[in-house]
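File shown here: upload-v3.cif, holding mmCIF, C-alpha atoms.
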data_final
loop_
_atom_site.group_PDB
_atom_site.id
_atom_site.type_symbol
_atom_site.label_atom_id
_atom_site.label_comp_id
_atom_site.auth_asym_id
_atom_site.auth_seq_id
_atom_site.Cartn_x
_atom_site.Cartn_y
_atom_site.Cartn_z
ATOM 1 C CA MET L 1 21.072 31.308 -13.652
ATOM 2 C CA THR L 2 17.651 31.440 -12.047
ATOM 3 C CA LYS L 3 14.462 32.445 -13.783
ATOM 4 C CA LYS L 4 14.528 35.721 -11.852
ATOM 5 C CA GLU L 5 17.767 36.635 -13.601
ATOM 6 C CA THR L 6 16.332 36.546 -17.115
ATOM 7 C CA PHE L 7 13.706 38.393 -19.105
ATOM 8 C CA GLN L 8 12.013 36.794 -22.094
ATOM 9 C CA THR L 9 10.969 39.059 -24.959
ATOM 10 C CA ILE L 10 7.799 38.638 -26.964
ATOM 11 C CA THR L 11 9.813 36.865 -29.654
ATOM 12 C CA GLY L 12 11.165 34.402 -27.108
ATOM 13 C CA ARG L 13 14.627 35.901 -26.821
ATOM 14 C CA THR L 14 16.073 35.388 -23.342
ATOM 15 C CA LEU L 15 17.892 38.396 -21.954
ATOM 16 C CA SER L 16 20.246 37.838 -19.051
ATOM 17 C CA LEU L 17 19.834 40.175 -16.094
ATOM 18 C CA GLU L 18 22.789 38.664 -14.295
ATOM 19 C CA GLY L 19 25.620 41.051 -13.618
ATOM 20 C CA LEU L 20 23.692 44.277 -14.183
ATOM 21 C CA GLU L 21 25.237 47.363 -12.654
ATOM 22 C CA GLU L 22 23.411 49.046 -9.771
ATOM 23 C CA ARG L 23 22.299 51.951 -11.961
ATOM 24 C CA GLU L 24 20.813 49.502 -14.478
ATOM 25 C CA ARG L 25 18.927 47.771 -11.668
ATOM 26 C CA GLU L 26 17.659 51.126 -10.403
ATOM 27 C CA PHE L 27 16.594 52.106 -13.915
ATOM 28 C CA LEU L 28 14.679 48.830 -14.376
ATOM 29 C CA ALA L 29 12.988 49.300 -10.992
ATOM 30 C CA ALA L 30 11.758 52.739 -12.131
ATOM 31 C CA VAL L 31 10.604 51.260 -15.454
ATOM 32 C CA GLN L 32 8.772 48.490 -13.635
ATOM 33 C CA ARG L 33 6.946 51.001 -11.398
ATOM 34 C CA MET L 34 5.862 53.067 -14.413
ATOM 35 C CA TYR L 35 4.866 49.975 -16.386
ATOM 36 C CA GLU L 36 2.679 48.660 -13.556
ATOM 37 C CA GLU L 37 0.574 51.833 -13.852
ATOM 38 C CA GLN L 38 -0.429 50.564 -17.329
ATOM 39 C CA PRO L 39 0.146 53.884 -19.066
ATOM 40 C CA GLU L 40 -0.920 54.632 -22.602
ATOM 41 C CA TRP L 41 1.497 53.190 -25.128
ATOM 42 C CA SER L 42 2.725 56.569 -26.407
ATOM 43 C CA GLU L 43 3.100 57.933 -22.862
ATOM 44 C CA PHE L 44 5.248 54.961 -21.834
ATOM 45 C CA ALA L 45 7.317 55.191 -25.038
ATOM 46 C CA SER L 46 8.100 58.858 -24.431
ATOM 47 C CA TRP L 47 8.742 58.343 -20.745
ATOM 48 C CA TRP L 48 11.196 55.466 -21.052
ATOM 49 C CA ALA L 49 13.086 57.071 -23.950
ATOM 50 C CA GLU L 50 13.648 60.229 -21.909
ATOM 51 C CA ALA L 51 14.466 58.313 -18.721
ATOM 52 C CA PHE L 52 16.913 56.160 -20.658
ATOM 53 C CA ARG L 53 18.583 59.233 -22.171
ATOM 54 C CA ARG L 54 18.945 60.798 -18.708
ATOM 55 C CA SER L 55 20.335 57.552 -17.283
ATOM 56 C CA ARG L 56 23.230 57.687 -19.755
ATOM 57 C CA LEU L 57 23.071 53.922 -20.159
ATOM 58 C CA SER L 58 24.340 52.444 -23.394
ATOM 59 C CA VAL L 59 21.890 51.307 -26.064
ATOM 60 C CA ASP L 60 23.789 48.021 -25.777
ATOM 61 C CA SER L 61 22.420 47.655 -22.243
ATOM 62 C CA VAL L 62 19.811 44.954 -21.744
ATOM 63 C CA CYS L 63 17.662 47.729 -20.249
ATOM 64 C CA TYR L 64 17.186 49.223 -23.718
ATOM 65 C CA ARG L 65 15.879 45.934 -25.159
ATOM 66 C CA ILE L 66 13.587 45.396 -22.186
ATOM 67 C CA CYS L 67 12.066 48.859 -22.606
ATOM 68 C CA GLN L 68 11.522 48.251 -26.319
ATOM 69 C CA ASP L 69 9.815 44.976 -25.492
ATOM 70 C CA LEU L 70 7.589 46.506 -22.803
ATOM 71 C CA GLU L 71 6.621 49.315 -25.164
ATOM 72 C CA ALA L 72 5.687 46.796 -27.859
ATOM 73 C CA ARG L 73 3.565 44.785 -25.422
ATOM 74 C CA LEU L 74 1.585 47.865 -24.409
ATOM 75 C CA GLY L 75 1.156 48.861 -28.044
ATOM 76 C CA ILE L 76 -0.112 45.408 -28.960
ATOM 77 C CA VAL L 77 -2.624 45.145 -26.135
ATOM 78 C CA GLN L 78 -3.860 48.708 -26.786
ATOM 79 C CA GLY L 79 -4.256 48.033 -30.513
ATOM 80 C CA LYS L 80 -1.560 50.508 -31.570
ATOM 81 C CA VAL L 81 1.079 47.995 -32.698
ATOM 82 C CA SER L 82 0.829 44.742 -34.623
ATOM 83 C CA PRO L 83 1.858 41.557 -32.829
ATOM 84 C CA PRO L 84 5.192 40.105 -33.893
ATOM 85 C CA ASP L 85 5.231 38.200 -37.151
ATOM 86 C CA TYR L 86 7.805 35.855 -38.633
ATOM 87 C CA ARG L 87 10.012 38.806 -39.624
ATOM 88 C CA ASP L 88 10.448 39.832 -35.993
ATOM 89 C CA TYR L 89 11.448 36.295 -35.027
ATOM 90 C CA LEU L 90 13.884 36.056 -37.932
ATOM 91 C CA ALA L 91 15.458 39.425 -37.133
ATOM 92 C CA ASP L 92 16.024 38.350 -33.527
ATOM 93 C CA LEU L 93 17.516 35.007 -34.539
ATOM 94 C CA ILE L 94 19.823 36.653 -37.056
ATOM 95 C CA GLU L 95 21.044 39.163 -34.498
ATOM 96 C CA VAL L 96 21.589 36.519 -31.817
ATOM 97 C CA ARG L 97 23.328 34.009 -34.050
ATOM 98 C CA PHE L 98 25.221 36.289 -36.443
ATOM 99 C CA GLY L 99 25.415 39.692 -34.747
ATOM 100 C CA SER L 100 24.110 41.591 -37.757
ATOM 101 C CA ARG L 101 22.080 41.166 -40.914
ATOM 102 C CA TYR L 102 25.136 42.068 -42.953
ATOM 103 C CA ARG L 103 27.191 39.262 -41.431
ATOM 104 C CA PHE L 104 24.306 36.819 -41.836
ATOM 105 C CA CYS L 105 23.977 37.631 -45.541
ATOM 106 C CA LYS L 106 27.716 37.485 -46.098
ATOM 107 C CA GLU L 107 28.177 34.143 -44.329
ATOM 108 C CA THR L 108 25.093 32.441 -45.770
ATOM 109 C CA GLY L 109 24.941 33.894 -49.267
ATOM 110 C CA THR L 110 21.509 35.400 -48.623
ATOM 111 C CA ASP L 111 20.695 38.372 -50.853
ATOM 112 C CA PRO L 112 20.870 41.427 -48.541
ATOM 113 C CA GLY L 113 18.529 43.456 -50.748
ATOM 114 C CA HIS L 114 15.825 40.811 -50.625
ATOM 115 C CA LEU L 115 16.259 40.373 -46.871
ATOM 116 C CA SER L 116 15.922 44.131 -46.432
ATOM 117 C CA ARG L 117 12.765 44.239 -48.568
ATOM 118 C CA VAL L 118 11.234 41.365 -46.578
ATOM 119 C CA PHE L 119 11.988 43.074 -43.247
ATOM 120 C CA ALA L 120 10.465 46.289 -44.616
ATOM 121 C CA SER L 121 7.313 44.319 -45.601
ATOM 122 C CA ARG L 122 7.847 45.141 -49.277
ATOM 123 C CA SER L 123 8.493 41.527 -50.257
ATOM 124 C CA GLU L 124 8.076 37.978 -48.998
ATOM 125 C CA PHE L 125 10.252 34.892 -48.987
ATOM 126 C CA SER L 126 9.197 31.977 -51.078
ATOM 127 C CA LEU L 127 8.546 28.872 -48.988
ATOM 128 C CA HIS L 128 11.757 27.378 -50.372
ATOM 129 C CA ALA L 129 13.815 30.485 -49.487
ATOM 130 C CA LEU L 130 12.303 30.621 -46.004
ATOM 131 C CA ARG L 131 13.108 26.954 -45.459
ATOM 132 C CA MET L 132 16.728 27.549 -46.528
ATOM 133 C CA ILE L 133 17.070 30.538 -44.196
ATOM 134 C CA LEU L 134 15.586 28.577 -41.310
ATOM 135 C CA GLU L 135 18.114 25.806 -41.960
ATOM 136 C CA LYS L 136 20.955 28.356 -41.867
ATOM 137 C CA LEU L 137 19.602 29.647 -38.555
ATOM 138 C CA ASP L 138 19.027 26.125 -37.207
ATOM 139 C CA ALA L 139 15.431 27.171 -36.577
ATOM 140 C CA ALA L 140 11.943 25.875 -37.253
ATOM 141 C CA LEU L 141 8.672 27.485 -38.246
ATOM 142 C CA VAL L 142 6.006 26.959 -35.591
ATOM 143 C CA ILE L 143 2.316 27.616 -35.998
ATOM 144 C CA GLU L 144 0.499 28.267 -32.750
ATOM 145 C CA PRO L 145 -2.991 29.233 -31.628
ATOM 146 C CA ALA L 146 -3.612 32.975 -31.398
ATOM 147 C CA GLU L 147 -4.470 32.571 -27.702
ATOM 148 C CA ASP L 148 -0.965 31.245 -26.982
ATOM 149 C CA LEU L 149 0.542 34.236 -28.759
ATOM 150 C CA ALA L 150 -1.695 36.615 -26.804
ATOM 151 C CA ASN L 151 -0.549 35.049 -23.533
ATOM 152 C CA ARG L 152 3.110 35.327 -24.506
ATOM 153 C CA VAL L 153 2.880 39.020 -25.462
ATOM 154 C CA SER L 154 0.776 39.904 -22.428
ATOM 155 C CA PRO L 155 1.929 43.036 -20.567
ATOM 156 C CA GLU L 156 0.986 41.331 -17.299
ATOM 157 C CA ARG L 157 3.416 38.500 -17.996
ATOM 158 C CA ALA L 158 6.223 40.975 -18.606
ATOM 159 C CA ALA L 159 5.290 42.983 -15.524
ATOM 160 C CA ARG L 160 5.447 39.845 -13.348
ATOM 161 C CA ALA L 161 8.853 38.901 -14.758
ATOM 162 C CA LEU L 162 10.262 42.369 -14.228
ATOM 163 C CA ALA L 163 8.759 42.636 -10.741
ATOM 164 C CA ALA L 164 10.354 39.315 -9.767
ATOM 165 C CA PHE L 165 13.726 40.751 -10.689
ATOM 166 C CA THR L 166 13.379 44.254 -9.238
ATOM 167 C CA ARG L 167 11.905 43.266 -5.871
#

The structure given in the file should be rewritten as structure tokens.
Amino acid sequence: MTKKETFQTITGRTLSLEGLEEREREFLAAVQRMYEEQPEWSEFASWWAEAFRRSRLSVDSVCYRICQDLEARLGIVQGKVSPPDYRDYLADLIEVRFGSRYRFCKETGTDPGHLSRVFASRSEFSLHALRMILEKLDAALVIEPAEDLANRVSPERAARALAAFTR
């Protein structure tokens, strides 16, 4: 798979673009054109949600995740949305590795109520609990400079990646 056939989300999740149907490719090309205009965050959010509804694509389509990611990037750069924090990274890892939070909790013995409260920002993990969860996910906590994070969540970076695929 070439780099052009993937899209990397702000949390580092790699989405495969290989094997997309023609209508998905057309939808992403339209999204890319709109995104390049650098619309206001709320305008883009409304636009893609309506365009997605009209497209009749499944929410399981990679297109849905890409649009969510692009929306988040615009919101972050425009100061409307907070950058991803450790909860966003954990949620992605859990979904990728276990399919659902329910299955993760069931298979690892993690308290689903506490996990839910943490993801809702009403609680935090202790360092010990976080370390145990990271072990179950075969993951590591990484601390990085804010500039590196800003580069990774950059709308321009996403626009270049999407343009490489749609052109």

### Query
Nearest to L:Glu135: which of L:Leu93, L:Val62, L:Leu70, L:Ile10 is it, counting all atoms listed in the file?
L:Leu93

Expanded to explicit residues, what is the PyMOL selection byres ((chain L and resi 155) around 8) for this file, as a PDB file with C-alpha atoms, keeping the file's coordinate frame?
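Saved file result_35.pdb follows:
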ATOM      1  CA  LEU L  70       7.589  46.506 -22.803  1.00  0.00           C
ATOM      2  CA  ARG L  73       3.565  44.785 -25.422  1.00  0.00           C
ATOM      3  CA  LEU L  74       1.585  47.865 -24.409  1.00  0.00           C
ATOM      4  CA  VAL L  77      -2.624  45.145 -26.135  1.00  0.00           C
ATOM      5  CA  VAL L 153       2.880  39.020 -25.462  1.00  0.00           C
ATOM      6  CA  SER L 154       0.776  39.904 -22.428  1.00  0.00           C
ATOM      7  CA  GLU L 156       0.986  41.331 -17.299  1.00  0.00           C
ATOM      8  CA  ARG L 157       3.416  38.500 -17.996  1.00  0.00           C
ATOM      9  CA  ALA L 158       6.223  40.975 -18.606  1.00  0.00           C
ATOM     10  CA  ALA L 159       5.290  42.983 -15.524  1.00  0.00           C
TER      11      ALA L 159
END

Could you put an axis-aligned box around every listed atom of stretch 157-165 of chain L, padded by 4 Å on each side, and send me its centre and edge lengths in Å to one decimal, as AutoDock Vina command-line options?
--center_x 8.6 --center_y 40.7 --center_z -14.2 --size_x 18.3 --size_y 12.5 --size_z 16.8

### Query
Is there a way to get, as a ChimeraX atom specification, all residues within 12 Å of the point (12.6, 40.9, -12.1) in file coordinates, counting only C-alpha atoms?
/L:2-8,15-18,20,25-26,28-33,63,66,157-167

Using the chain letters and residue numbers of this document, give as a PDB file with C-alpha atoms, in the coordinates of the input the residues selected by the PyMOL selection byres ((chain L and resi 38-45) around 9).
ATOM      1  CA  MET L  34       5.862  53.067 -14.413  1.00  0.00           C
ATOM      2  CA  TYR L  35       4.866  49.975 -16.386  1.00  0.00           C
ATOM      3  CA  GLU L  36       2.679  48.660 -13.556  1.00  0.00           C
ATOM      4  CA  GLU L  37       0.574  51.833 -13.852  1.00  0.00           C
ATOM      5  CA  SER L  46       8.100  58.858 -24.431  1.00  0.00           C
ATOM      6  CA  TRP L  47       8.742  58.343 -20.745  1.00  0.00           C
ATOM      7  CA  TRP L  48      11.196  55.466 -21.052  1.00  0.00           C
ATOM      8  CA  ALA L  49      13.086  57.071 -23.950  1.00  0.00           C
ATOM      9  CA  GLU L  50      13.648  60.229 -21.909  1.00  0.00           C
ATOM     10  CA  CYS L  67      12.066  48.859 -22.606  1.00  0.00           C
ATOM     11  CA  GLN L  68      11.522  48.251 -26.319  1.00  0.00           C
ATOM     12  CA  LEU L  70       7.589  46.506 -22.803  1.00  0.00           C
ATOM     13  CA  GLU L  71       6.621  49.315 -25.164  1.00  0.00           C
ATOM     14  CA  ALA L  72       5.687  46.796 -27.859  1.00  0.00           C
ATOM     15  CA  ARG L  73       3.565  44.785 -25.422  1.00  0.00           C
ATOM     16  CA  LEU L  74       1.585  47.865 -24.409  1.00  0.00           C
ATOM     17  CA  GLY L  75       1.156  48.861 -28.044  1.00  0.00           C
ATOM     18  CA  ILE L  76      -0.112  45.408 -28.960  1.00  0.00           C
ATOM     19  CA  GLN L  78      -3.860  48.708 -26.786  1.00  0.00           C
ATOM     20  CA  LYS L  80      -1.560  50.508 -31.570  1.00  0.00           C
ATOM     21  CA  PRO L 155       1.929  43.036 -20.567  1.00  0.00           C
TER      22      PRO L 155
END

### Task
Name the residues within 12 Å of (7.2, 36.1, -36.3), counting all atoms listed in the file in the file's coordinates, and put them as a PyMOL selection string.
chain L and resi 10-12+82-93+119+140-144+149

### Atom pair atom CA of L:Ser116 / atom CA of L:Gly79: separation (Å)
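Interatomic distance here is 26.0 Å.
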
### Query
Could you work out how far atom CA of L:Ala150 lies from atom CA of L:Phe52, giving the answer in Å with one decimal?
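Separation of atom CA of L:Phe52 and atom CA of L:Ala150: 27.7 Å.
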
### Message
Using Å and a single decimal, report how far atom CA of L:Gly99 sits from atom CA of L:Ser58.
### Response
17.1 Å
